[in-house]
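This is entry.cif. It holds mmCIF, C-alpha atoms and all ligand atoms.
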data_target
#
loop_
_atom_site.label_atom_id
_atom_site.label_comp_id
_atom_site.auth_asym_id
_atom_site.auth_seq_id
_atom_site.Cartn_x
_atom_site.Cartn_y
_atom_site.Cartn_z
CA MET A 1 0.00 0.00 0.00
CA SER A 2 0.91 3.61 -0.25
CA ASP A 3 3.65 5.49 1.56
CA THR A 4 2.09 8.77 0.49
CA LYS A 5 1.26 10.65 3.67
CA LYS A 6 0.41 14.17 2.67
CA GLU A 7 -2.71 15.41 0.94
CA VAL A 8 -1.61 16.91 -2.36
CA ARG A 9 -3.52 19.65 -4.18
CA ILE A 10 -3.02 19.67 -7.91
CA GLY A 11 -3.18 22.62 -10.29
CA LEU A 12 -3.29 21.52 -13.94
CA ILE A 13 -2.35 23.86 -16.80
CA GLY A 14 -3.58 22.61 -20.19
CA ALA A 15 -6.66 20.42 -20.39
CA GLY A 16 -5.89 18.69 -23.69
CA TRP A 17 -4.72 15.12 -24.36
CA MET A 18 -1.99 14.99 -21.71
CA GLY A 19 -3.92 17.04 -19.13
CA LYS A 20 -6.67 14.46 -19.32
CA ALA A 21 -4.24 11.50 -19.32
CA HIS A 22 -2.46 12.85 -16.20
CA THR A 23 -5.72 13.39 -14.36
CA VAL A 24 -6.94 9.89 -15.16
CA ALA A 25 -3.54 8.62 -13.95
CA TYR A 26 -3.82 10.47 -10.60
CA ARG A 27 -7.14 8.74 -10.05
CA ASN A 28 -5.83 5.35 -11.20
CA ALA A 29 -2.80 5.63 -8.90
CA GLY A 30 -5.24 5.83 -6.00
CA VAL A 31 -7.23 2.84 -7.17
CA ILE A 32 -4.32 0.64 -8.27
CA PHE A 33 -1.59 1.46 -5.75
CA GLY A 34 -3.66 2.80 -2.89
CA ASP A 35 -2.01 6.22 -3.09
CA ASP A 36 -3.95 8.93 -1.30
CA LEU A 37 -6.09 10.49 -3.98
CA PRO A 38 -4.75 13.98 -4.71
CA ILE A 39 -7.17 16.88 -4.52
CA LEU A 40 -7.91 18.13 -8.03
CA GLU A 41 -7.92 21.77 -7.01
CA LEU A 42 -7.63 24.00 -10.06
CA VAL A 43 -7.51 23.53 -13.85
CA SER A 44 -6.54 26.12 -16.44
CA ASP A 45 -6.88 26.26 -20.21
CA VAL A 46 -6.96 29.23 -22.59
CA ASN A 47 -10.03 27.76 -24.20
CA GLU A 48 -12.86 28.70 -21.82
CA ALA A 49 -15.43 26.28 -23.22
CA GLN A 50 -12.88 23.46 -23.00
CA VAL A 51 -11.74 24.27 -19.48
CA LYS A 52 -15.33 24.36 -18.23
CA VAL A 53 -16.07 20.96 -19.72
CA ALA A 54 -12.71 19.60 -18.54
CA SER A 55 -13.26 20.86 -15.03
CA LYS A 56 -16.61 19.08 -14.89
CA LEU A 57 -15.50 15.84 -16.57
CA LEU A 58 -12.12 15.55 -14.89
CA GLY A 59 -13.47 16.67 -11.52
CA TYR A 60 -11.43 19.79 -10.65
CA ASN A 61 -12.85 22.02 -7.90
CA ARG A 62 -12.18 25.28 -9.74
CA TRP A 63 -11.17 26.48 -13.22
CA THR A 64 -9.51 29.54 -14.74
CA THR A 65 -8.33 30.70 -18.16
CA ASN A 66 -5.30 32.41 -16.60
CA TRP A 67 -2.44 29.99 -15.91
CA VAL A 68 -0.63 32.47 -13.64
CA GLU A 69 -3.42 31.94 -11.09
CA VAL A 70 -2.47 28.25 -10.94
CA VAL A 71 1.23 28.75 -10.20
CA THR A 72 0.56 31.44 -7.58
CA ASP A 73 -2.45 29.84 -5.87
CA PRO A 74 -1.73 29.10 -2.18
CA ASP A 75 -4.06 26.08 -2.39
CA VAL A 76 -1.99 24.39 -5.10
CA ASP A 77 0.99 22.21 -4.07
CA LEU A 78 1.86 20.55 -7.37
CA VAL A 79 1.67 22.32 -10.74
CA ASP A 80 1.08 20.02 -13.72
CA VAL A 81 2.25 21.62 -16.98
CA SER A 82 0.50 20.00 -19.97
CA THR A 83 0.47 22.83 -22.49
CA PRO A 84 2.22 23.12 -25.88
CA ASN A 85 6.03 23.17 -25.64
CA SER A 86 6.80 26.89 -25.97
CA MET A 87 4.96 27.75 -22.75
CA HIS A 88 6.72 25.21 -20.53
CA PHE A 89 9.75 27.32 -19.61
CA GLU A 90 7.82 30.32 -18.33
CA MET A 91 5.20 28.23 -16.55
CA ILE A 92 7.70 25.90 -14.86
CA LYS A 93 9.97 28.78 -13.85
CA LEU A 94 7.19 30.76 -12.20
CA ALA A 95 5.84 27.63 -10.51
CA LEU A 96 9.31 26.85 -9.10
CA GLU A 97 9.80 30.46 -8.00
CA ASN A 98 6.53 30.12 -6.09
CA GLY A 99 7.87 27.04 -4.33
CA LYS A 100 5.57 24.55 -6.10
CA HIS A 101 6.37 20.96 -6.93
CA VAL A 102 6.25 20.60 -10.73
CA PHE A 103 5.26 17.78 -13.05
CA SER A 104 5.87 18.93 -16.62
CA GLU A 105 5.39 17.27 -19.93
CA LYS A 106 8.43 17.09 -22.17
CA PRO A 107 10.27 19.11 -23.35
CA LEU A 108 11.07 21.30 -20.35
CA SER A 109 11.77 24.17 -22.77
CA LEU A 110 12.77 24.87 -26.37
CA SER A 111 16.52 24.72 -25.68
CA GLY A 112 19.05 22.76 -23.68
CA GLU A 113 20.26 25.99 -22.04
CA GLU A 114 16.80 26.97 -20.75
CA SER A 115 16.11 23.44 -19.53
CA ARG A 116 19.41 23.52 -17.62
CA ILE A 117 18.25 26.70 -15.86
CA LEU A 118 15.05 24.89 -14.80
CA ALA A 119 16.86 21.76 -13.60
CA ASP A 120 19.24 23.89 -11.50
CA LEU A 121 16.41 26.04 -10.14
CA ALA A 122 14.39 22.96 -9.14
CA LYS A 123 17.42 21.58 -7.26
CA GLU A 124 17.94 24.92 -5.52
CA LYS A 125 14.27 25.03 -4.46
CA GLY A 126 14.34 21.41 -3.26
CA VAL A 127 10.97 20.58 -4.77
CA VAL A 128 9.84 17.52 -6.70
CA ASN A 129 10.62 18.08 -10.40
CA TYR A 130 9.19 15.35 -12.57
CA CYS A 131 9.41 15.24 -16.37
CA GLY A 132 6.68 13.34 -18.24
CA PHE A 133 8.75 10.78 -20.14
CA SER A 134 6.13 8.04 -20.09
CA ASN A 135 8.34 5.32 -21.56
CA VAL A 136 10.79 5.36 -18.67
CA MET A 137 8.08 3.75 -16.52
CA ASN A 138 7.29 1.06 -19.09
CA PRO A 139 8.06 -2.31 -17.38
CA ALA A 140 9.80 -3.42 -20.60
CA ASN A 141 12.32 -0.58 -20.42
CA GLN A 142 12.85 -1.14 -16.71
CA TYR A 143 13.61 -4.79 -17.56
CA VAL A 144 16.09 -3.83 -20.29
CA LYS A 145 17.84 -1.46 -17.88
CA GLU A 146 18.18 -4.34 -15.42
CA LEU A 147 19.67 -6.57 -18.14
CA VAL A 148 22.21 -3.86 -18.95
CA ASP A 149 23.01 -2.94 -15.33
CA THR A 150 23.51 -6.55 -14.25
CA GLY A 151 25.88 -7.21 -17.16
CA LYS A 152 23.68 -9.85 -18.80
CA LEU A 153 24.26 -8.22 -22.18
CA GLY A 154 28.00 -7.86 -21.53
CA LYS A 155 29.72 -4.68 -22.67
CA ILE A 156 27.24 -2.55 -24.59
CA MET A 157 28.51 -1.66 -28.05
CA ARG A 158 25.70 0.11 -29.85
CA ILE A 159 22.07 1.21 -29.95
CA HIS A 160 19.96 1.42 -33.08
CA ALA A 161 16.70 3.29 -32.46
CA THR A 162 13.76 4.68 -34.40
CA TYR A 163 10.43 6.28 -33.57
CA ASP A 164 8.17 6.45 -36.61
CA GLN A 165 4.51 7.44 -36.97
CA ASP A 166 2.42 8.37 -40.01
CA MET A 167 0.05 10.55 -38.01
CA LEU A 168 0.92 13.62 -40.12
CA LEU A 169 1.32 11.93 -43.51
CA ASP A 170 -1.92 13.38 -44.89
CA PRO A 171 -1.08 16.85 -46.33
CA GLU A 172 -4.68 17.95 -45.73
CA ILE A 173 -4.22 17.77 -41.96
CA ALA A 174 -4.33 21.39 -40.79
CA ILE A 175 -1.51 23.35 -39.19
CA THR A 176 -1.24 22.97 -35.40
CA TRP A 177 1.23 24.23 -32.79
CA ARG A 178 3.38 21.18 -33.57
CA HIS A 179 4.24 22.69 -36.99
CA LYS A 180 5.36 26.10 -35.70
CA LYS A 181 8.95 26.64 -34.56
CA ALA A 182 8.01 29.30 -32.02
CA LEU A 183 5.47 27.00 -30.36
CA ALA A 184 6.99 23.52 -30.72
CA GLY A 185 10.72 24.21 -31.15
CA THR A 186 11.25 21.11 -33.27
CA GLY A 187 9.16 18.53 -35.13
CA ALA A 188 9.77 14.77 -35.15
CA LEU A 189 13.07 15.29 -33.33
CA GLY A 190 11.70 16.83 -30.14
CA ASP A 191 8.29 15.26 -30.31
CA LEU A 192 9.25 11.64 -31.04
CA THR A 193 13.02 11.11 -30.70
CA SER A 194 12.96 12.73 -27.26
CA HIS A 195 11.06 9.67 -26.00
CA LEU A 196 13.79 7.38 -27.32
CA LEU A 197 16.39 9.68 -25.79
CA SER A 198 14.75 9.50 -22.37
CA VAL A 199 14.89 5.70 -22.48
CA SER A 200 18.47 5.84 -23.74
CA GLN A 201 19.39 8.26 -20.93
CA PHE A 202 17.73 5.94 -18.41
CA ILE A 203 19.44 2.78 -19.68
CA LEU A 204 22.74 3.86 -21.25
CA GLY A 205 23.55 7.25 -19.67
CA ASP A 206 24.92 10.47 -21.12
CA ILE A 207 25.44 11.16 -24.81
CA GLU A 208 28.57 13.17 -25.54
CA GLU A 209 28.28 14.22 -29.20
CA VAL A 210 25.92 14.06 -32.16
CA ILE A 211 25.61 14.80 -35.87
CA GLY A 212 22.28 14.95 -37.67
CA ILE A 213 20.28 15.58 -40.80
CA GLU A 214 16.61 16.46 -41.24
CA SER A 215 13.96 16.74 -43.90
CA LEU A 216 10.64 18.51 -44.39
CA VAL A 217 8.29 16.54 -46.65
CA ILE A 218 5.07 18.57 -46.41
CA PRO A 219 6.13 22.24 -46.50
CA THR A 220 2.66 23.83 -46.21
CA ARG A 221 -0.66 22.82 -44.65
CA PRO A 222 -4.20 24.25 -44.65
CA VAL A 223 -4.68 26.87 -41.94
CA GLU A 224 -7.75 24.92 -40.88
CA VAL A 225 -9.42 21.71 -41.96
CA GLY A 226 -10.85 22.07 -45.48
CA SER A 227 -9.38 25.55 -46.07
CA SER A 228 -7.67 26.36 -49.38
CA GLU A 229 -5.45 28.87 -47.56
CA HIS A 230 -2.12 27.33 -46.62
CA ALA A 231 0.59 28.24 -44.10
CA ASP A 232 4.24 27.20 -43.90
CA VAL A 233 5.26 24.19 -41.83
CA GLU A 234 8.34 25.24 -39.88
CA THR A 235 9.36 22.05 -38.07
CA GLU A 236 11.01 18.97 -39.56
CA ASP A 237 9.06 15.85 -40.57
CA LEU A 238 12.10 13.57 -40.30
CA ALA A 239 15.34 13.69 -38.36
CA THR A 240 18.23 11.22 -38.22
CA PHE A 241 21.43 11.45 -36.20
CA LEU A 242 24.49 9.56 -35.05
CA VAL A 243 25.59 9.62 -31.43
CA ARG A 244 28.61 8.80 -29.30
CA TYR A 245 28.01 8.20 -25.59
CA LYS A 246 30.44 9.22 -22.84
CA SER A 247 30.91 5.48 -22.23
CA GLY A 248 32.04 4.94 -25.82
CA ILE A 249 28.81 3.28 -27.00
CA ILE A 250 27.82 4.47 -30.48
CA GLY A 251 24.34 4.66 -31.95
CA ASP A 252 21.91 5.96 -34.51
CA PHE A 253 18.50 7.51 -33.91
CA THR A 254 15.86 8.33 -36.48
CA SER A 255 12.27 9.60 -36.31
CA SER A 256 9.54 10.47 -38.74
CA ARG A 257 6.00 11.75 -38.33
CA VAL A 258 5.24 10.91 -42.00
CA ALA A 259 6.49 7.29 -42.00
CA THR A 260 3.97 5.61 -44.27
CA GLY A 261 2.42 2.63 -42.53
CA ARG A 262 4.12 3.15 -39.20
CA LYS A 263 1.71 3.95 -36.37
CA ASN A 264 3.62 4.08 -33.13
CA TYR A 265 6.85 2.35 -34.13
CA PHE A 266 9.07 3.09 -31.13
CA TYR A 267 11.80 0.53 -31.75
CA TYR A 268 15.28 0.02 -30.39
CA GLU A 269 17.97 -2.61 -30.41
CA ILE A 270 20.82 -2.63 -27.90
CA GLN A 271 23.74 -4.89 -28.74
CA GLY A 272 26.21 -6.08 -26.13
CA THR A 273 29.10 -8.53 -26.24
CA GLU A 274 27.02 -11.16 -24.37
CA GLY A 275 23.53 -10.46 -25.68
CA THR A 276 21.15 -8.27 -27.63
CA VAL A 277 17.75 -6.90 -26.74
CA VAL A 278 15.07 -5.64 -29.12
CA TYR A 279 11.95 -3.70 -28.16
CA ASP A 280 9.03 -2.36 -30.18
CA LEU A 281 6.30 -0.36 -28.44
CA GLU A 282 3.71 -1.51 -31.00
CA ARG A 283 4.14 -4.93 -29.34
CA MET A 284 4.30 -3.44 -25.90
CA GLY A 285 4.15 -6.66 -23.90
CA GLU A 286 7.06 -8.40 -25.62
CA VAL A 287 10.82 -8.06 -25.34
CA GLN A 288 13.08 -10.00 -27.72
CA VAL A 289 16.30 -11.21 -26.13
CA TYR A 290 19.29 -13.13 -27.40
CA PHE A 291 21.93 -14.35 -24.97
CA LYS A 292 25.21 -15.59 -26.36
CA SER A 293 25.22 -18.32 -23.72
CA ASP A 294 22.13 -19.78 -25.44
CA ALA A 295 24.43 -20.66 -28.32
CA ASP A 296 26.95 -22.59 -26.19
CA VAL A 297 28.14 -25.85 -27.64
CA ASP A 298 25.19 -28.04 -26.60
CA ASN A 299 22.50 -25.61 -27.76
CA ALA A 300 24.11 -24.07 -30.80
CA ARG A 301 21.59 -25.60 -33.19
CA ASP A 302 18.56 -24.13 -31.38
CA ALA A 303 19.98 -20.73 -30.48
CA GLY A 304 18.18 -17.59 -31.52
CA PHE A 305 16.17 -14.62 -30.28
CA ARG A 306 13.41 -15.53 -27.87
CA THR A 307 10.34 -13.60 -26.82
CA VAL A 308 9.94 -12.67 -23.18
CA LEU A 309 6.32 -11.79 -22.47
CA LEU A 310 6.05 -9.14 -19.78
CA ASN A 311 4.79 -10.81 -16.62
CA PRO A 312 4.32 -10.10 -12.91
CA ASN A 313 8.08 -10.55 -12.32
CA HIS A 314 8.75 -7.37 -14.32
CA ALA A 315 8.74 -4.10 -12.36
CA GLY A 316 5.30 -2.51 -12.27
CA PHE A 317 3.45 -5.16 -14.29
CA LYS A 318 1.86 -7.06 -11.39
CA TRP A 319 -0.16 -4.04 -10.31
CA PHE A 320 -2.16 -4.23 -13.51
CA GLN A 321 -2.34 -7.89 -14.52
CA PRO A 322 -1.89 -11.22 -12.74
CA ALA A 323 -0.27 -13.17 -15.56
CA ALA A 324 1.97 -12.92 -18.61
CA GLY A 325 0.45 -12.11 -21.96
CA ILE A 326 -2.39 -9.95 -20.61
CA ALA A 327 -1.90 -6.56 -22.21
CA ILE A 328 -0.81 -3.42 -20.45
CA ALA A 329 -1.00 -0.09 -22.30
CA PHE A 330 -0.08 3.60 -22.57
CA ASP A 331 -2.40 4.70 -19.77
CA ASP A 332 -0.78 2.13 -17.47
CA MET A 333 2.62 3.79 -18.05
CA LYS A 334 0.99 7.08 -17.11
CA THR A 335 -0.45 5.49 -13.96
CA LEU A 336 2.97 4.11 -13.01
CA GLN A 337 4.32 7.61 -13.60
CA ALA A 338 1.63 9.26 -11.43
CA HIS A 339 2.33 6.72 -8.69
CA GLU A 340 6.07 7.42 -8.80
CA LEU A 341 5.39 11.15 -8.76
CA LEU A 342 3.06 10.90 -5.75
CA GLN A 343 5.60 8.73 -3.92
CA ALA A 344 8.32 11.27 -4.76
CA LEU A 345 6.37 13.84 -2.76
CA SER A 346 7.06 11.61 0.26
CA GLY A 347 10.76 11.47 -0.58
CA ALA A 348 10.96 8.35 -2.78
CA PRO A 349 13.54 8.39 -5.61
CA TYR A 350 12.53 8.86 -9.25
CA ALA A 351 14.45 8.67 -12.52
CA SER A 352 12.55 10.98 -14.83
CA ASP A 353 13.53 14.26 -13.20
CA PHE A 354 14.38 17.67 -14.65
CA GLU A 355 18.03 16.61 -14.81
CA MET A 356 17.01 13.91 -17.29
CA GLY A 357 14.74 16.43 -19.06
CA ALA A 358 17.60 18.91 -19.40
CA LYS A 359 19.97 16.22 -20.72
CA VAL A 360 17.47 15.09 -23.36
CA ASP A 361 16.79 18.70 -24.37
CA SER A 362 20.51 19.36 -24.66
CA VAL A 363 20.88 16.41 -27.06
CA VAL A 364 17.97 17.75 -29.14
CA SER A 365 19.57 21.23 -29.21
CA ALA A 366 22.95 19.76 -30.19
CA VAL A 367 21.36 17.78 -33.04
CA LYS A 368 19.65 20.95 -34.28
CA LYS A 369 22.96 22.81 -34.12
CA SER A 370 24.80 20.02 -35.95
CA ILE A 371 22.21 20.15 -38.73
CA GLU A 372 23.04 23.85 -39.19
CA THR A 373 26.81 23.52 -38.85
CA ARG A 374 27.02 20.14 -40.63
CA GLN A 375 29.51 19.10 -37.96
CA TRP A 376 29.64 16.97 -34.82
CA GLU A 377 28.36 18.96 -31.82
CA THR A 378 28.85 18.37 -28.10
CA CYS A 379 25.72 17.90 -25.94
N1 LIG A 401 4.63 12.04 -22.52
C1 LIG A 401 3.93 11.75 -23.59
O1 LIG A 401 3.76 10.59 -23.93
C2 LIG A 401 3.31 12.87 -24.38
C3 LIG A 401 2.34 12.58 -25.36
C4 LIG A 401 1.74 13.65 -26.02
C5 LIG A 401 2.13 14.95 -25.75
N2 LIG A 401 3.09 15.19 -24.84
C6 LIG A 401 3.49 16.58 -24.49
O2 LIG A 401 2.41 17.15 -23.74
C7 LIG A 401 2.26 18.55 -24.05
C8 LIG A 401 0.82 18.80 -24.44
O3 LIG A 401 0.52 18.02 -25.57
P1 LIG A 401 -0.99 17.55 -25.89
O4 LIG A 401 -0.87 16.52 -26.93
O5 LIG A 401 -1.74 17.28 -24.62
O6 LIG A 401 -1.53 18.92 -26.56
P2 LIG A 401 -3.04 19.36 -26.71
O7 LIG A 401 -3.03 20.33 -27.83
O8 LIG A 401 -3.96 18.18 -26.76
O9 LIG A 401 -3.35 20.13 -25.33
C9 LIG A 401 -2.74 21.33 -24.96
C10 LIG A 401 -3.76 22.17 -24.20
O10 LIG A 401 -3.11 23.33 -23.69
C11 LIG A 401 -4.01 24.42 -23.82
N3 LIG A 401 -3.28 25.68 -23.76
C12 LIG A 401 -2.61 26.31 -24.75
N4 LIG A 401 -2.08 27.46 -24.27
C13 LIG A 401 -2.41 27.53 -22.97
C14 LIG A 401 -2.16 28.50 -21.94
N5 LIG A 401 -1.44 29.63 -22.17
N6 LIG A 401 -2.69 28.27 -20.70
C15 LIG A 401 -3.42 27.16 -20.46
N7 LIG A 401 -3.69 26.23 -21.40
C16 LIG A 401 -3.19 26.42 -22.63
C17 LIG A 401 -4.70 24.16 -25.15
O11 LIG A 401 -5.92 24.89 -25.25
C18 LIG A 401 -4.92 22.65 -25.07
O12 LIG A 401 -6.15 22.31 -24.47
C19 LIG A 401 3.27 18.85 -25.15
O13 LIG A 401 4.37 19.50 -24.58
C20 LIG A 401 3.69 17.48 -25.70
O14 LIG A 401 5.04 17.46 -26.13
C21 LIG A 401 3.68 14.18 -24.15
#

Translate this file's structure into structure tokens.
Amino acid sequence: MSDTKKEVRIGLIGAGWMGKAHTVAYRNAGVIFGDDLPILELVSDVNEAQVKVASKLLGYNRWTTNWVEVVTDPDVDLVDVSTPNSMHFEMIKLALENGKHVFSEKPLSLSGEESRILADLAKEKGVVNYCGFSNVMNPANQYVKELVDTGKLGKIMRIHATYDQDMLLDPEIAITWRHKKALAGTGALGDLTSHLLSVSQFILGDIEEVIGIESLVIPTRPVEVGSSEHADVETEDLATFLVRYKSGIIGDFTSSRVATGRKNYFYYEIQGTEGTVVYDLERMGEVQVYFKSDADVDNARDAGFRTVLLNPNHAGFKWFQPAAGIAIAFDDMKTLQAHELLQALSGAPYASDFEMGAKVDSVVSAVKKSIETRQWETC
């Protein structure tokens, strides 16, 4: 049962997809882990009609269209930032300056430098600073980290990773904040690759240097659905880069938001001298592993990759399902995240902090810089 002792009052900024997912996760953490249910105190969204509906559906006590009221409200302990990317820096900074705990969606800001300021400020204030990298809490990734940390894969040599979706393949999809540099910062790189980078940071540690290329496939989009008026798309559809880790591991990362046929293809392969692991989020409950020892003399004929189905022996899984092969899903990762966040308020450790957020953002910034300079850049 829960170690959470204190009643926590939440102020949510941004009642869109993630705002809703976080709120559902706070509730689920209570039901699944027995965490004390946080008080849903105040919700903010610029869209008044939406915030009114959200307040009613999600169950917040009060609503406002002015986010500053959330970060300054004496009855809010934890500020949840779930707005488009460009607003994160200002919102997080003011929340921290007001002594609030902060749970922010990724990225922390539009640059590695600004995210560093936030990570340092959060440390100085001594508050909980949680960054919403959902995949870090995926039991599969926790399992892979364990395989790496315990040496079962031997010395890690390389990672090959891709995150492809075709969500924006249709050129008739209208412009959103995700297509504007001032609002999103980057396209596929920050939106998709950042998730791979959080998992890589969690499992393999710091990246030292990068070199990248990018491409924009759909340069304009209708200003709204069905409109013949078009506006420029300012963020990349595809990005690919090479990396070298501080540990000497090398790797390649690639992401596309126009990858025909790919839906949520978050895939990576980590190769070590004693084994290799392969994971694909579209088959969330399965991890492919190959151990060199499987190919020892007596078994050489039958050696090959095998499928490990996530099961109650994998961290986090047992809270949701009693046996292997029963599916867990995206919302379960968010529930695990909400649970870890709520436990952090009682002093428990957590991996996905602003330090991780700042490191991921600094890799993204370095890739962007390398695309401009056409040279290797340090993270
Ligand atoms: N961790 C994940 O798996 C994951 C998944 C999707 C999105 N995200 C991140 O979550 C964030 C939000 O993405 P989303 O998909 O929920 O977007 P969304 O467009 O669905 O929701 C954003 C909401 O913020 C509101 N908003 C805009 N400006 C505001 C302001 N000044 N004050 C208050 N509200 C404001 C919008 O009206 C909208 O309701 C992004 O930073 C994105 O990168 C993370």

ask   = Nearest to ligand LIG 401 (chain A): which of A:Gly30, A:Gly190, A:Gly126, A:Gly285 is it, counting only C-alpha atoms and all ligand atoms?
value =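 Ranked by minimum distance to ligand LIG 401 (chain A), first place goes to A:Gly190.
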
Original post:
Quick one, how far is CA of Glu214 in chain A from atom C7 of ligand LIG 401 (chain A)?
Top reply: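 Atom-to-atom, CA of Glu214 in chain A and atom C7 of ligand LIG 401 (chain A) are spaced 22.5 Å apart.
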
At a cut-off of 6 Å around ligand LIG 401 (chain A), and using only C-alpha atoms and all ligand atoms, what residues come up? Please write them as a PDB file with C-alpha atoms, keeping the file's coordinate frame.
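For reference, out.pdb as written:
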ATOM      1  CA  ILE A  13      -2.350  23.860 -16.800  1.00  0.00           C
ATOM      2  CA  GLY A  14      -3.580  22.610 -20.190  1.00  0.00           C
ATOM      3  CA  ALA A  15      -6.660  20.420 -20.390  1.00  0.00           C
ATOM      4  CA  GLY A  16      -5.890  18.690 -23.690  1.00  0.00           C
ATOM      5  CA  TRP A  17      -4.720  15.120 -24.360  1.00  0.00           C
ATOM      6  CA  MET A  18      -1.990  14.990 -21.710  1.00  0.00           C
ATOM      7  CA  GLY A  19      -3.920  17.040 -19.130  1.00  0.00           C
ATOM      8  CA  SER A  44      -6.540  26.120 -16.440  1.00  0.00           C
ATOM      9  CA  ASP A  45      -6.880  26.260 -20.210  1.00  0.00           C
ATOM     10  CA  VAL A  46      -6.960  29.230 -22.590  1.00  0.00           C
ATOM     11  CA  ASN A  47     -10.030  27.760 -24.200  1.00  0.00           C
ATOM     12  CA  TRP A  67      -2.440  29.990 -15.910  1.00  0.00           C
ATOM     13  CA  SER A  82       0.500  20.000 -19.970  1.00  0.00           C
ATOM     14  CA  THR A  83       0.470  22.830 -22.490  1.00  0.00           C
ATOM     15  CA  PRO A  84       2.220  23.120 -25.880  1.00  0.00           C
ATOM     16  CA  ASN A  85       6.030  23.170 -25.640  1.00  0.00           C
ATOM     17  CA  GLU A 105       5.390  17.270 -19.930  1.00  0.00           C
ATOM     18  CA  LYS A 106       8.430  17.090 -22.170  1.00  0.00           C
ATOM     19  CA  GLY A 132       6.680  13.340 -18.240  1.00  0.00           C
ATOM     20  CA  PHE A 133       8.750  10.780 -20.140  1.00  0.00           C
ATOM     21  CA  SER A 134       6.130   8.040 -20.090  1.00  0.00           C
ATOM     22  CA  ASP A 191       8.290  15.260 -30.310  1.00  0.00           C
TER      23      ASP A 191
END

Shell of 7 Å around Ala231 in chain A, only C-alpha atoms, local chain residues under 4 positions omitted, as a PDB file with C-alpha atoms, in the frame of the given file:
ATOM      1  CA  THR A 220       2.660  23.830 -46.210  1.00  0.00           C
ATOM      2  CA  ARG A 221      -0.660  22.820 -44.650  1.00  0.00           C
ATOM      3  CA  PRO A 222      -4.200  24.250 -44.650  1.00  0.00           C
ATOM      4  CA  VAL A 223      -4.680  26.870 -41.940  1.00  0.00           C
TER       5      VAL A 223
END

Contacts of Ser111 in chain A within 10 Å, all atoms listed in the file, excl. fewer than 2 positions in-chain, as a VMD selection string
chain A and resid 86 89 107 to 109 113 to 116 185 to 186 358 360 to 366 368

Margin query: Which residues are close to Ile173 in chain A, i.e. within 12 Å by all atoms listed in the file, leaving aside same-chain residues fewer than 6 positions away? Reply as a PyMOL selection string.
Written below: chain A and resi 166-167+179+218+220-228+230-231+233+258

Quick one: distance from CA of Lys155 in chain A to CA of Gly212 in chain A in Å, one decimal?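 Going from CA of Lys155 in chain A over to CA of Gly212 in chain A covers 25.8 Å.
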
Report, in Å to a single decimal, how far apart CA of Tyr26 in chain A and CA of Ala338 in chain A are.
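About the pair CA of Ala338 in chain A and CA of Tyr26 in chain A: they are 5.6 Å apart.
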
- Identify which of the residues A:Arg158, A:Arg178, A:His339, A:Lys52 lies closest to Trp319 in chain A, counting only C-alpha atoms when measuring atom-to-atom distances.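 Among the listed residues, the smallest separation from Trp319 in chain A belongs to A:His339.
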
If you count all atoms listed in the file, the residue of A:Ile159, A:Leu153, A:Ala239, A:Leu42 closest to Gly59 in chain A turns out to be A:Leu42

N, CA and C atoms modelled onto range 289-298 of chain A, as a compact mmCIF listing (two decimals), in the frame of the given file:
# COMPACT_ATOMS: atom_id res chain seq x y z
N VAL A 289 14.94 -11.15 -26.68
CA VAL A 289 16.30 -11.21 -26.13
C VAL A 289 17.09 -12.33 -26.79
N TYR A 290 18.37 -12.09 -26.94
CA TYR A 290 19.29 -13.13 -27.40
C TYR A 290 20.47 -13.11 -26.46
N PHE A 291 20.75 -14.26 -25.83
CA PHE A 291 21.93 -14.35 -24.97
C PHE A 291 22.94 -15.27 -25.64
N LYS A 292 24.17 -14.80 -25.70
CA LYS A 292 25.21 -15.59 -26.36
C LYS A 292 25.33 -16.97 -25.73
N SER A 293 25.10 -17.03 -24.42
CA SER A 293 25.22 -18.32 -23.72
C SER A 293 24.22 -19.34 -24.25
N ASP A 294 23.12 -18.86 -24.85
CA ASP A 294 22.13 -19.78 -25.44
C ASP A 294 22.76 -20.58 -26.58
N ALA A 295 23.82 -20.01 -27.16
CA ALA A 295 24.43 -20.66 -28.32
C ALA A 295 25.65 -21.48 -27.94
N ASP A 296 25.81 -21.76 -26.62
CA ASP A 296 26.95 -22.59 -26.19
C ASP A 296 26.83 -23.98 -26.82
N VAL A 297 27.97 -24.61 -26.88
CA VAL A 297 28.14 -25.85 -27.64
C VAL A 297 26.89 -26.74 -27.74
N ASP A 298 26.29 -27.07 -26.57
CA ASP A 298 25.19 -28.04 -26.60
C ASP A 298 23.93 -27.51 -27.27
